[in-house]
Structure formats: structure tokens, C-alpha cells
$ cat upload.cif   # mmCIF, C-alpha atoms
data_structure
loop_
_atom_site.label_atom_id
_atom_site.label_comp_id
_atom_site.auth_asym_id
_atom_site.auth_seq_id
_atom_site.Cartn_x
_atom_site.Cartn_y
_atom_site.Cartn_z
CA MET A 1 -87.16 -27.00 254.23
CA THR A 2 -88.52 -30.25 252.80
CA GLU A 3 -87.48 -32.20 249.75
CA SER A 4 -89.90 -31.85 246.86
CA THR A 5 -89.44 -35.51 246.06
CA THR A 6 -90.27 -37.02 249.41
CA SER A 7 -90.10 -40.75 249.86
CA GLY A 8 -92.22 -42.40 247.20
CA THR A 9 -92.80 -39.21 245.20
CA ARG A 10 -91.29 -38.95 241.73
CA LEU A 11 -91.27 -36.16 239.19
CA TRP A 12 -92.88 -37.05 235.86
CA THR A 13 -93.13 -34.96 232.70
CA PRO A 14 -94.57 -35.96 229.30
CA LYS A 15 -90.98 -36.90 228.39
CA GLY A 16 -90.82 -39.38 231.30
CA PHE A 17 -89.50 -39.50 234.84
CA ARG A 18 -86.59 -37.24 235.74
CA GLU A 19 -84.64 -35.96 238.71
CA ASP A 20 -86.26 -33.02 240.45
CA ASP A 21 -83.93 -30.06 240.89
CA TRP A 22 -86.56 -28.06 242.80
CA VAL A 23 -86.93 -28.13 246.59
CA HIS A 24 -90.02 -27.00 248.50
CA ALA A 25 -88.96 -24.36 251.03
CA GLU A 26 -90.87 -22.57 253.75
CA GLY A 27 -89.32 -19.13 253.37
CA ALA A 28 -86.97 -16.80 251.56
CA GLU A 29 -83.99 -17.78 253.75
CA ALA A 30 -83.59 -20.82 251.45
CA LEU A 31 -82.46 -18.49 248.66
CA ALA A 32 -79.20 -17.90 250.53
CA GLY A 33 -78.08 -21.33 249.35
CA ASN A 34 -77.67 -22.63 245.85
CA GLY A 35 -80.51 -24.46 244.21
CA ARG A 36 -84.03 -23.93 242.96
CA PHE A 37 -86.79 -23.35 245.48
CA ILE A 38 -90.59 -23.48 245.43
CA LEU A 39 -91.91 -20.97 247.96
CA PRO A 40 -95.39 -20.67 249.43
CA LEU A 41 -97.35 -17.73 248.02
CA GLN A 42 -96.87 -15.44 251.03
CA ALA A 43 -93.11 -16.07 251.17
CA PHE A 44 -92.85 -15.27 247.46
CA LEU A 45 -94.92 -12.08 247.74
CA VAL A 46 -92.77 -10.59 250.50
CA LEU A 47 -89.56 -10.93 248.46
CA ASP A 48 -87.99 -7.71 247.25
CA ASP A 49 -88.61 -7.06 243.52
CA ASP A 50 -84.86 -7.05 242.83
CA VAL A 51 -84.46 -10.44 244.52
CA ARG A 52 -87.34 -11.91 242.50
CA LYS A 53 -85.93 -10.56 239.24
CA SER A 54 -82.33 -11.62 239.86
CA ALA A 55 -83.30 -15.10 241.04
CA LYS A 56 -86.05 -15.79 238.49
CA GLU A 57 -84.58 -19.13 237.36
CA ARG A 58 -84.29 -20.28 240.97
CA ILE A 59 -87.73 -19.26 242.29
CA GLY A 60 -91.03 -21.02 241.93
CA VAL A 61 -94.26 -20.41 243.81
CA LEU A 62 -96.74 -22.88 245.29
CA LEU A 63 -100.40 -21.92 245.16
CA GLN A 64 -102.90 -23.72 247.36
CA PRO A 65 -106.46 -24.09 246.03
CA GLY A 66 -107.67 -21.12 248.11
CA ASP A 67 -104.86 -18.80 247.00
CA GLU A 68 -105.82 -16.17 244.45
CA LEU A 69 -104.08 -16.46 241.08
CA ASP A 70 -104.44 -12.68 240.63
CA LYS A 71 -101.82 -12.15 243.35
CA ILE A 72 -99.07 -13.44 241.03
CA VAL A 73 -100.40 -12.47 237.59
CA GLY A 74 -98.36 -9.26 237.50
CA LEU A 75 -95.27 -11.18 238.67
CA LEU A 76 -95.34 -14.11 236.22
CA ASP A 77 -92.35 -12.66 234.37
CA GLN A 78 -90.38 -13.20 237.62
CA LEU A 79 -91.20 -16.92 237.83
CA SER A 80 -89.97 -19.98 236.00
CA LEU A 81 -92.33 -22.41 237.77
CA VAL A 82 -95.80 -22.28 239.28
CA ALA A 83 -96.75 -25.30 241.38
CA LEU A 84 -100.46 -25.85 241.94
CA ALA A 85 -101.52 -27.95 244.92
CA PHE A 86 -104.11 -30.71 244.80
CA PRO A 87 -104.45 -31.54 248.53
CA ALA A 88 -107.60 -33.62 248.01
CA PHE A 89 -109.04 -35.44 245.00
CA ASN A 90 -112.33 -33.54 245.27
CA ASP A 91 -110.88 -30.01 245.08
CA GLY A 92 -110.52 -28.94 241.45
CA ARG A 93 -109.72 -25.25 241.86
CA SER A 94 -106.11 -25.83 240.78
CA PHE A 95 -107.34 -27.21 237.44
CA SER A 96 -108.82 -23.79 236.69
CA LYS A 97 -105.65 -21.99 237.75
CA GLY A 98 -103.52 -24.15 235.45
CA GLU A 99 -105.78 -23.49 232.49
CA LEU A 100 -105.87 -19.74 233.20
CA LEU A 101 -102.07 -19.56 233.49
CA ARG A 102 -101.72 -20.98 229.98
CA SER A 103 -104.72 -19.56 228.11
CA ARG A 104 -105.43 -16.17 229.66
CA HIS A 105 -102.03 -15.21 231.08
CA ASN A 106 -99.82 -16.92 228.47
CA PHE A 107 -97.42 -18.25 231.13
CA LYS A 108 -94.52 -20.03 229.39
CA GLY A 109 -92.79 -21.44 232.48
CA ALA A 110 -93.43 -24.83 234.03
CA VAL A 111 -96.84 -25.56 235.56
CA ARG A 112 -96.50 -28.32 238.13
CA ALA A 113 -99.17 -30.38 239.89
CA THR A 114 -98.38 -31.38 243.49
CA GLY A 115 -100.26 -33.41 246.06
CA GLN A 116 -103.04 -35.82 245.07
CA VAL A 117 -102.17 -36.37 241.39
CA LEU A 118 -104.37 -39.32 240.46
CA VAL A 119 -104.82 -41.66 237.49
CA ASP A 120 -108.12 -40.14 236.33
CA GLN A 121 -106.86 -36.56 236.57
CA LEU A 122 -103.58 -36.81 234.65
CA PRO A 123 -105.02 -36.72 231.09
CA HIS A 124 -107.11 -33.67 231.94
CA MET A 125 -104.14 -31.93 233.57
CA LEU A 126 -102.08 -32.54 230.43
CA ARG A 127 -104.81 -31.03 228.24
CA LEU A 128 -104.94 -27.95 230.45
CA GLY A 129 -101.23 -27.23 230.12
CA PHE A 130 -99.65 -28.86 233.18
CA ASP A 131 -96.22 -30.14 232.23
CA GLU A 132 -94.70 -31.40 235.51
CA PHE A 133 -96.21 -33.75 238.08
CA GLU A 134 -95.09 -34.78 241.57
CA VAL A 135 -96.52 -38.30 241.60
CA SER A 136 -96.83 -40.49 244.69
CA ASN A 137 -99.96 -42.51 243.84
CA PRO A 138 -98.76 -46.12 243.38
CA VAL A 139 -101.26 -46.94 240.63
CA LEU A 140 -100.33 -43.85 238.62
CA LEU A 141 -96.60 -44.47 239.16
CA LYS A 142 -96.99 -48.00 237.80
CA ARG A 143 -98.95 -46.84 234.75
CA LEU A 144 -96.48 -44.08 233.97
CA GLU A 145 -93.59 -46.53 234.26
CA GLU A 146 -95.44 -48.64 231.65
CA GLY A 147 -95.87 -45.57 229.42
CA ARG A 148 -99.64 -45.34 229.89
CA THR A 149 -101.18 -41.92 230.57
CA GLY A 150 -104.79 -43.00 230.05
CA GLY A 151 -107.65 -40.77 229.07
CA LEU A 152 -110.56 -40.86 226.70
CA PRO A 153 -110.04 -40.94 222.92
CA VAL A 154 -112.66 -38.25 222.13
CA TYR A 155 -113.31 -34.89 223.82
CA TYR A 156 -116.23 -32.51 223.53
CA GLN A 157 -114.56 -29.37 224.82
CA PRO A 158 -111.48 -27.48 223.57
CA ALA A 159 -108.39 -27.24 225.77
CA VAL A 160 -105.07 -25.42 225.97
CA GLU A 161 -103.37 -28.22 224.03
CA PRO A 162 -104.61 -28.05 220.41
CA GLU A 163 -106.29 -31.14 219.02
CA ALA A 164 -107.47 -32.24 215.60
CA LYS A 165 -111.22 -32.02 215.03
CA GLY A 166 -113.09 -35.29 214.98
CA PRO A 167 -115.08 -36.51 211.99
CA LYS A 168 -118.53 -35.04 211.25
CA TYR A 169 -118.81 -32.85 214.35
CA SER A 170 -116.87 -29.61 214.82
CA TRP A 171 -117.25 -29.91 218.58
CA ARG A 172 -115.85 -33.44 218.91
CA ARG A 173 -112.08 -33.73 218.98
CA LYS A 174 -109.79 -36.74 218.90
CA ARG A 175 -106.98 -37.15 221.36
CA PRO A 176 -103.58 -36.78 219.63
CA GLY A 177 -101.48 -39.90 219.28
#

$ encode --input "upload.cif" --output "C-alpha cells"
Amino acid sequence: MTESTTSGTRLWTPKGFREDDWVHAEGAEALAGNGRFILPLQAFLVLDDDVRKSAKERIGVLLQPGDELDKIVGLLDQLSLVALAFPAFNDGRSFSKGELLRSRHNFKGAVRATGQVLVDQLPHMLRLGFDEFEVSNPVLLKRLEEGRTGGLPVYYQPAVEPEAKGPKYSWRRKRPG
């Protein structure tokens, strides 16, 4: 079992930094103790249905970029958190999973980004419906401590988070705030 907030990693939400009450675990044996655990996909899938249902508030699942979202779609009602891994800055498959969880599958639990959460990616992740971030990048940590999330003031594509339409063009939207 490893701590979800390893040295230098902090949990940030749009409301600010907070203590992380979730722990990354390798297998279901962690559920014997008290606490909230993020399990790898395979460890989550082998859990008994009754265990998943009774421990819903204590179980999250971690999907790697190559893991299929369809494997958990029918089990989303048994999850309170889905963590999506960003192991490298150039692998964007988890962006798509986050957007699909919110828009297509109407997942109401927490969607967390783990791994390489970078300055340029944060505004896009927020627009796609991510609401928790395990941040270790020093530049991003500094900006978030200063209250700066960054991003562009105008967007050309819609997103999960609704935005007001920009002037003159129905396809141009202004960032809220």
C-alpha cells in the first residue's frame, strides 16, 4: 500500500488544497482496515458485488490510459471516485475518459487526475469535469498556491462545464470568472 499523497504531492480541488483521505492500495486486502482506498482496475473488478456495494463510499478505482472505461461503466453506481492516470504528459487518453464519465455516463462522484498533472493541462481538465488533482509539479503547485489556474479566456469548443456564449459567434465561448 502506498500513500496517495506521496512526498511533494498535494491534493487540490477547485476549492483549494485539502487533506487527502484516500490511499492508493494494491489489492482488496486493504479494505479490511478503515479508510478509503483507490484500487487498480483489476483489483476492483475481482471484488464481490456485495463488497463493492457495501463499501461504495470507501472504494475508488484507478484507470491507467490503456484500461477500458467500459469495464466499469456498469459499476459506476458502486464507486464514489474514479482516478484517471496521466503517467506521461503526451498521453491524453485519460482526458477522454474524464469527459465521457461526465457527459455520456453522468458519473456524479469525484473524478481525480493522478500522475503528470501539468500547468497547461489543468484548465482543460477542469472544463472536462475533473474535480480532484494529485499535484506534484512544482510550477503548478506554486501557481495554485497563488490562486492561479491559468487557461485561455475564449474557447471554440463546448465542454462538460457550461459556459456563456461569447459575443457575435455562437461557437466562441468565454471562460467563466

$ residues_near_point --input "upload.cif" --point "(-99.7, -38.1, 238.8)" --cutoff "8 Å" --atoms "all atoms listed in the file" --output "list in words"
Trp12, Ala113, Gln116, Val117, Leu118, Val119, Gln121, Leu122, Phe133, Glu134, Val135, Ser136, Asn137, Leu140 and Leu141 of chain A

$ atom_distance --input "upload.cif" --atom1 "atom CA of A:Asp67" --atom2 "atom CA of A:Leu11"
23.4 Å

$ residues_near_point --input "upload.cif" --point "(-97.6, -19.1, 251.4)" --cutoff "8 Å" --atoms "all atoms listed in the file" --output "VMD selection string"
chain A and resid 26 39 to 44 62 to 63

$ atom_distance --input "upload.cif" --atom1 "atom CA of A:Arg36" --atom2 "atom CA of A:Leu79"
11.3 Å

$ atom_distance --input "upload.cif" --atom1 "atom CA of A:Phe130" --atom2 "atom CA of A:Leu84"
9.3 Å

$ resolve_selection --input "upload.cif" --expression "the PyMOL selection byres ((chain A and resi 75) around 12)" --output "list in words"
Leu41, Phe44, Leu45, Leu47, Asp48, Asp49, Asp50, Arg52, Lys53, Lys56, Ile59, Gly60, Val61, Leu69, Asp70, Lys71, Ile72, Val73, Gly74, Leu76, Asp77, Gln78, Leu79, Ser80, Leu81, Val82, Leu101, His105 and Phe107 of chain A

$ write_last_selection --input "upload.cif" --atoms "C-alpha atoms" --output "PDB file, keeping the file's coordinate frame"
ATOM      1  CA  LEU A  41     -97.350 -17.730 248.020  1.00  0.00           C
ATOM      2  CA  PHE A  44     -92.850 -15.270 247.460  1.00  0.00           C
ATOM      3  CA  LEU A  45     -94.920 -12.080 247.740  1.00  0.00           C
ATOM      4  CA  LEU A  47     -89.560 -10.930 248.460  1.00  0.00           C
ATOM      5  CA  ASP A  48     -87.990  -7.710 247.250  1.00  0.00           C
ATOM      6  CA  ASP A  49     -88.610  -7.060 243.520  1.00  0.00           C
ATOM      7  CA  ASP A  50     -84.860  -7.050 242.830  1.00  0.00           C
ATOM      8  CA  ARG A  52     -87.340 -11.910 242.500  1.00  0.00           C
ATOM      9  CA  LYS A  53     -85.930 -10.560 239.240  1.00  0.00           C
ATOM     10  CA  LYS A  56     -86.050 -15.790 238.490  1.00  0.00           C
ATOM     11  CA  ILE A  59     -87.730 -19.260 242.290  1.00  0.00           C
ATOM     12  CA  GLY A  60     -91.030 -21.020 241.930  1.00  0.00           C
ATOM     13  CA  VAL A  61     -94.260 -20.410 243.810  1.00  0.00           C
ATOM     14  CA  LEU A  69    -104.080 -16.460 241.080  1.00  0.00           C
ATOM     15  CA  ASP A  70    -104.440 -12.680 240.630  1.00  0.00           C
ATOM     16  CA  LYS A  71    -101.820 -12.150 243.350  1.00  0.00           C
ATOM     17  CA  ILE A  72     -99.070 -13.440 241.030  1.00  0.00           C
ATOM     18  CA  VAL A  73    -100.400 -12.470 237.590  1.00  0.00           C
ATOM     19  CA  GLY A  74     -98.360  -9.260 237.500  1.00  0.00           C
ATOM     20  CA  LEU A  76     -95.340 -14.110 236.220  1.00  0.00           C
ATOM     21  CA  ASP A  77     -92.350 -12.660 234.370  1.00  0.00           C
ATOM     22  CA  GLN A  78     -90.380 -13.200 237.620  1.00  0.00           C
ATOM     23  CA  LEU A  79     -91.200 -16.920 237.830  1.00  0.00           C
ATOM     24  CA  SER A  80     -89.970 -19.980 236.000  1.00  0.00           C
ATOM     25  CA  LEU A  81     -92.330 -22.410 237.770  1.00  0.00           C
ATOM     26  CA  VAL A  82     -95.800 -22.280 239.280  1.00  0.00           C
ATOM     27  CA  LEU A 101    -102.070 -19.560 233.490  1.00  0.00           C
ATOM     28  CA  HIS A 105    -102.030 -15.210 231.080  1.00  0.00           C
ATOM     29  CA  PHE A 107     -97.420 -18.250 231.130  1.00  0.00           C
TER      30      PHE A 107
END

$ resolve_selection --input "upload.cif" --expression "the PyMOL selection byres ((chain A and resi 86) around 6)" --output "PyMOL selection string"
chain A and resi 85+87-88+114-116

$ closest_residue --input "upload.cif" --among "A:Val23, A:Ala28, A:Ala83, A:Val139" --to "A:Gly109" --atoms "all atoms listed in the file"
A:Ala83

$ closest_residue --input "upload.cif" --among "A:Arg148, A:Arg127, A:Arg143, A:Lys15" --to "A:Phe95" --atoms "all atoms listed in the file"
A:Arg127

$ residues_around --input "upload.cif" --residues "A:Trp22" --least-positions-apart "4" --cutoff "8 Å" --atoms "all atoms listed in the file" --output "JSON, numbers by chain"
{"A": [4, 35, 36, 37, 38]}

$ decode --input "upload.cif" --residues "stretch 30-115 of chain A" --atoms "C-alpha atoms" --output "compact mmCIF listing (two decimals), in the first residue's frame"
# COMPACT_ATOMS: atom_id res chain seq x y z
CA ALA A 30 -6.69 -3.03 2.17
CA LEU A 31 -10.47 -2.98 2.66
CA ALA A 32 -10.03 -4.97 5.88
CA GLY A 33 -8.86 -1.76 7.53
CA ASN A 34 -10.68 1.51 7.94
CA GLY A 35 -10.21 4.21 5.38
CA ARG A 36 -10.87 5.00 1.75
CA PHE A 37 -8.91 3.14 -0.90
CA ILE A 38 -8.20 3.62 -4.60
CA LEU A 39 -7.74 0.21 -6.18
CA PRO A 40 -6.24 -0.67 -9.56
CA LEU A 41 -8.86 -1.71 -12.11
CA GLN A 42 -8.21 -5.46 -11.88
CA ALA A 43 -8.34 -5.44 -8.06
CA PHE A 44 -11.65 -3.57 -8.20
CA LEU A 45 -13.17 -5.91 -10.80
CA VAL A 46 -12.46 -9.07 -8.78
CA LEU A 47 -14.31 -7.75 -5.71
CA ASP A 48 -17.57 -9.45 -4.85
CA ASP A 49 -20.64 -7.37 -5.83
CA ASP A 50 -21.81 -7.27 -2.20
CA VAL A 51 -18.42 -5.95 -1.06
CA ARG A 52 -18.46 -3.24 -3.74
CA LYS A 53 -21.99 -2.18 -2.84
CA SER A 54 -21.47 -2.15 0.94
CA ALA A 55 -18.16 -0.29 0.71
CA LYS A 56 -19.12 2.19 -2.03
CA GLU A 57 -18.04 5.27 -0.04
CA ARG A 58 -14.67 3.66 0.69
CA ILE A 59 -13.76 2.36 -2.78
CA GLY A 60 -12.31 4.19 -5.72
CA VAL A 61 -10.76 2.79 -8.87
CA LEU A 62 -7.63 3.85 -10.75
CA LEU A 63 -7.72 3.58 -14.53
CA GLN A 64 -4.49 3.66 -16.49
CA PRO A 65 -4.61 5.16 -20.01
CA GLY A 66 -4.80 1.70 -21.61
CA ASP A 67 -7.62 0.46 -19.35
CA GLU A 68 -11.04 0.32 -20.95
CA LEU A 69 -13.65 2.63 -19.42
CA ASP A 70 -16.37 0.19 -20.50
CA LYS A 71 -15.17 -2.27 -17.84
CA ILE A 72 -16.52 -0.03 -15.06
CA VAL A 73 -19.46 1.69 -16.77
CA GLY A 74 -21.97 -0.81 -15.37
CA LEU A 75 -20.39 -0.46 -11.92
CA LEU A 76 -20.29 3.34 -11.60
CA ASP A 77 -23.11 3.23 -9.06
CA GLN A 78 -20.70 1.27 -6.82
CA LEU A 79 -17.98 3.94 -6.91
CA SER A 80 -17.56 7.31 -5.26
CA LEU A 81 -14.26 8.13 -7.01
CA VAL A 82 -12.63 7.35 -10.34
CA ALA A 83 -8.94 8.26 -10.57
CA LEU A 84 -7.53 8.64 -14.07
CA ALA A 85 -3.78 8.28 -14.52
CA PHE A 86 -1.62 10.64 -16.55
CA PRO A 87 1.73 8.78 -16.49
CA ALA A 88 3.24 10.96 -19.23
CA PHE A 89 2.45 14.45 -20.50
CA ASN A 90 1.99 13.18 -24.06
CA ASP A 91 -0.70 10.56 -23.30
CA GLY A 92 -4.15 12.18 -23.39
CA ARG A 93 -6.38 9.12 -23.26
CA SER A 94 -7.42 9.92 -19.69
CA PHE A 95 -8.79 13.29 -20.86
CA SER A 96 -11.31 11.42 -22.99
CA LYS A 97 -12.25 9.09 -20.15
CA GLY A 98 -12.91 12.02 -17.82
CA GLU A 99 -15.14 13.73 -20.34
CA LEU A 100 -17.03 10.50 -21.08
CA LEU A 101 -17.59 9.81 -17.37
CA ARG A 102 -19.33 13.18 -17.00
CA SER A 103 -21.12 13.67 -20.32
CA ARG A 104 -22.05 10.20 -21.55
CA HIS A 105 -22.21 8.22 -18.30
CA ASN A 106 -23.41 11.03 -15.99
CA PHE A 107 -21.00 10.00 -13.21
CA LYS A 108 -21.63 12.20 -10.16
CA GLY A 109 -18.73 11.01 -7.99
CA ALA A 110 -15.26 12.52 -7.89
CA VAL A 111 -13.07 12.35 -10.99
CA ARG A 112 -9.43 12.63 -9.98
CA ALA A 113 -6.32 13.22 -12.10
CA THR A 114 -3.15 11.47 -10.90
CA GLY A 115 0.40 11.42 -12.20
